[in-house]
file data23.txt (compact mmCIF, C-alpha atoms)
# COMPACT_ATOMS: atom_id res chain seq x y z
CA MET A 1332 0.62 24.61 2.29
CA LEU A 1333 1.65 23.37 -1.16
CA ILE A 1334 0.52 25.19 -4.30
CA VAL A 1335 0.60 23.33 -7.62
CA ASP A 1336 -0.80 24.92 -10.78
CA GLY A 1337 -2.70 27.42 -8.65
CA ILE A 1338 -4.34 24.73 -6.51
CA LYS A 1339 -3.73 24.96 -2.76
CA TYR A 1340 -3.05 21.74 -0.87
CA LYS A 1341 -3.06 21.69 2.93
CA PRO A 1342 -1.18 19.02 4.89
CA TYR A 1343 -3.46 16.41 6.43
CA VAL A 1344 -2.60 13.55 8.77
CA PRO A 1345 -5.09 10.64 8.77
CA ARG A 1346 -6.38 9.58 12.18
CA ASP A 1347 -5.45 5.94 11.62
CA GLU A 1348 -4.44 3.41 8.96
CA LYS A 1349 -8.06 2.62 8.12
CA GLU A 1350 -8.68 6.25 7.14
CA LEU A 1351 -5.42 6.37 5.15
CA GLU A 1352 -6.39 3.20 3.29
CA SER A 1353 -9.84 4.58 2.53
CA LEU A 1354 -8.39 7.87 1.19
CA ALA A 1355 -5.77 6.07 -0.89
CA LYS A 1356 -8.34 3.71 -2.44
CA GLU A 1357 -10.60 6.67 -3.24
CA HIS A 1358 -7.73 8.43 -5.06
CA PHE A 1359 -5.79 5.42 -6.31
CA SER A 1360 -5.64 6.43 -9.98
CA GLU A 1361 -4.51 9.94 -9.01
CA ILE A 1362 -1.73 8.50 -6.84
CA PHE A 1363 -0.56 5.61 -9.03
CA GLY A 1364 -1.78 6.52 -12.51
CA LYS A 1365 -4.63 5.62 -14.82
CA ASP A 1366 -3.05 2.41 -16.17
CA VAL A 1367 -3.08 0.75 -12.76
CA LEU A 1368 -5.79 -1.60 -11.56
CA TYR A 1369 -6.14 -1.98 -7.78
CA PHE A 1370 -7.60 -5.08 -6.17
CA ASP A 1371 -8.89 -4.48 -2.66
CA ILE A 1372 -8.02 -7.99 -1.51
CA LYS A 1373 -5.93 -9.08 1.40
CA PRO A 1374 -4.36 -12.37 0.37
CA GLU A 1375 -2.40 -14.23 3.00
CA LEU A 1376 1.18 -14.52 1.77
CA ARG A 1377 3.17 -17.24 3.57
CA SER A 1378 6.56 -18.84 3.04
CA LYS A 1379 7.00 -22.60 3.31
CA ALA A 1380 8.16 -22.00 6.88
CA GLY A 1381 4.84 -20.31 7.65
CA ILE A 1382 6.26 -16.79 7.82
CA GLY A 1383 3.98 -14.26 6.21
CA SER A 1384 1.54 -11.42 6.41
CA LYS A 1385 -1.50 -9.94 4.65
CA PRO A 1386 -0.97 -6.92 2.39
CA ASP A 1387 -3.70 -4.32 1.97
CA GLY A 1388 -4.11 -5.06 -1.72
CA ILE A 1389 -2.55 -5.84 -5.08
CA ALA A 1390 -1.93 -3.37 -7.91
CA ILE A 1391 -1.48 -4.43 -11.53
CA VAL A 1392 0.40 -1.97 -13.76
CA PHE A 1393 -0.40 -2.43 -17.44
CA ASP A 1394 2.37 -0.19 -18.82
CA GLU A 1395 5.17 -2.34 -17.37
CA PRO A 1396 3.41 -5.07 -16.99
CA CYS A 1397 3.86 -6.11 -13.39
CA ALA A 1398 2.10 -6.49 -10.07
CA TYR A 1399 2.79 -4.76 -6.77
CA ILE A 1400 1.90 -5.61 -3.22
CA VAL A 1401 0.23 -2.57 -1.67
CA GLU A 1402 0.60 -1.78 2.02
CA PHE A 1403 -0.73 1.44 3.53
CA GLU A 1404 1.37 2.59 6.48
CA LEU A 1405 1.41 5.64 8.70
CA SER A 1406 4.70 7.49 9.08
CA ARG A 1407 4.47 7.20 12.84
CA HIS A 1408 4.97 3.43 12.67
CA PRO A 1409 8.52 2.36 13.54
CA ILE A 1410 10.54 1.70 10.38
CA HIS A 1411 12.51 -1.36 11.52
CA ASP A 1412 10.13 -2.96 14.00
CA HIS A 1413 7.04 -2.66 11.85
CA ILE A 1414 7.52 -1.68 8.22
CA ILE A 1415 10.78 -3.47 7.33
CA ALA A 1416 9.67 -6.57 9.24
CA GLN A 1417 6.44 -6.65 7.25
CA MET A 1418 8.21 -6.11 3.92
CA SER A 1419 10.60 -8.93 4.80
CA LYS A 1420 7.66 -11.26 5.40
CA PHE A 1421 6.14 -10.34 2.02
CA ASN A 1422 9.48 -10.91 0.31
CA LYS A 1423 9.97 -14.36 1.91
CA ALA A 1424 6.43 -15.40 1.01
CA LEU A 1425 6.77 -14.31 -2.62
CA LYS A 1426 9.92 -16.42 -3.02
CA SER A 1427 7.83 -19.49 -2.20
CA SER A 1428 6.43 -21.29 -5.23
CA ASP A 1429 3.32 -22.13 -3.19
CA THR A 1430 2.49 -18.44 -2.89

call {"tool": "encode", "arguments": {"input": "data23.txt", "output": "structure tokens"}}
result
Amino acid sequence: MLIVDGIKYKPYVPRDEKELESLAKEHFSEIFGKDVLYFDIKPELRSKAGIGSKPDGIAIVFDEPCAYIVEFELSRHPIHDHIIAQMSKFNKALKSSDT
């Protein structure tokens, strides 16, 4: 249990990625801040070679200003085989002027 300012927080593990995504979208401003706008879109990002993937959404930060690709992942997913591979695909696609 975590206690912050007298509020008790209990650890919770989402059943699957869909539930994690739903919870994160519900509490997006609490997680990322009030000056962030989240777009629940899943654009297909592809490099010229056709390598790519679909993120879970896009976040626009007005303080900076910049945009972030948002991907909700469970900690039980393998880091190298799943998460880093997916981030690499996003990175390659964003370097393409077509994207």

call {"tool": "closest_atom_pairs", "arguments": {"input": "data23.txt", "of": "stretch 1337-1360 of chain A", "to": "stretch 1364-1368 of chain A", "cutoff": "10 Å", "atoms": "only C-alpha atoms", "output": "CSV"}}
result
residue,atom,partner,partner_atom,distance
A:His1358,CA,A:Gly1364,CA,9.7
A:Phe1359,CA,A:Gly1364,CA,7.5
A:Ser1360,CA,A:Gly1364,CA,4.6

call {"tool": "atom_distance", "arguments": {"input": "data23.txt", "atom1": "atom CA of A:His1408", "atom2": "atom CA of A:Asp1347"}}
result
10.8 Å

call {"tool": "closest_residue", "arguments": {"input": "data23.txt", "among": "A:Phe1393, A:Phe1421, A:Ile1415, A:Ile1338", "to": "A:Pro1374", "atoms": "only C-alpha atoms"}}
result
A:Phe1421

call {"tool": "closest_residue", "arguments": {"input": "data23.txt", "among": "A:Tyr1399, A:Tyr1343, A:Phe1363, A:Phe1370", "to": "A:Asn1422", "atoms": "all atoms listed in the file"}}
result
A:Tyr1399

call {"tool": "closest_residue", "arguments": {"input": "data23.txt", "among": "A:Ala1398, A:Gly1383, A:Lys1420, A:Asp1371", "to": "A:Glu1352", "atoms": "only C-alpha atoms"}}
result
A:Asp1371

call {"tool": "closest_residue", "arguments": {"input": "data23.txt", "among": "A:Ile1414, A:Ile1362, A:Glu1404, A:Leu1376", "to": "A:Ala1390", "atoms": "only C-alpha atoms"}}
result
A:Ile1362

call {"tool": "atom_distance", "arguments": {"input": "data23.txt", "atom1": "atom CA of A:Gly1388", "atom2": "atom CA of A:Lys1423"}}
result
17.3 Å

call {"tool": "atom_distance", "arguments": {"input": "data23.txt", "atom1": "atom CA of A:Arg1346", "atom2": "atom CA of A:Ser1384"}}
result
23.2 Å

call {"tool": "axis_aligned_box", "arguments": {"input": "data23.txt", "around": "stretch 1401-1419 of chain A", "padding_each_side": "6 Å", "output": "lines of an AutoDock Vina configuration file"}}
result
center_x = 5.9
center_y = -0.7
center_z = 6.2
size_x = 25.2
size_y = 28.4
size_z = 27.7
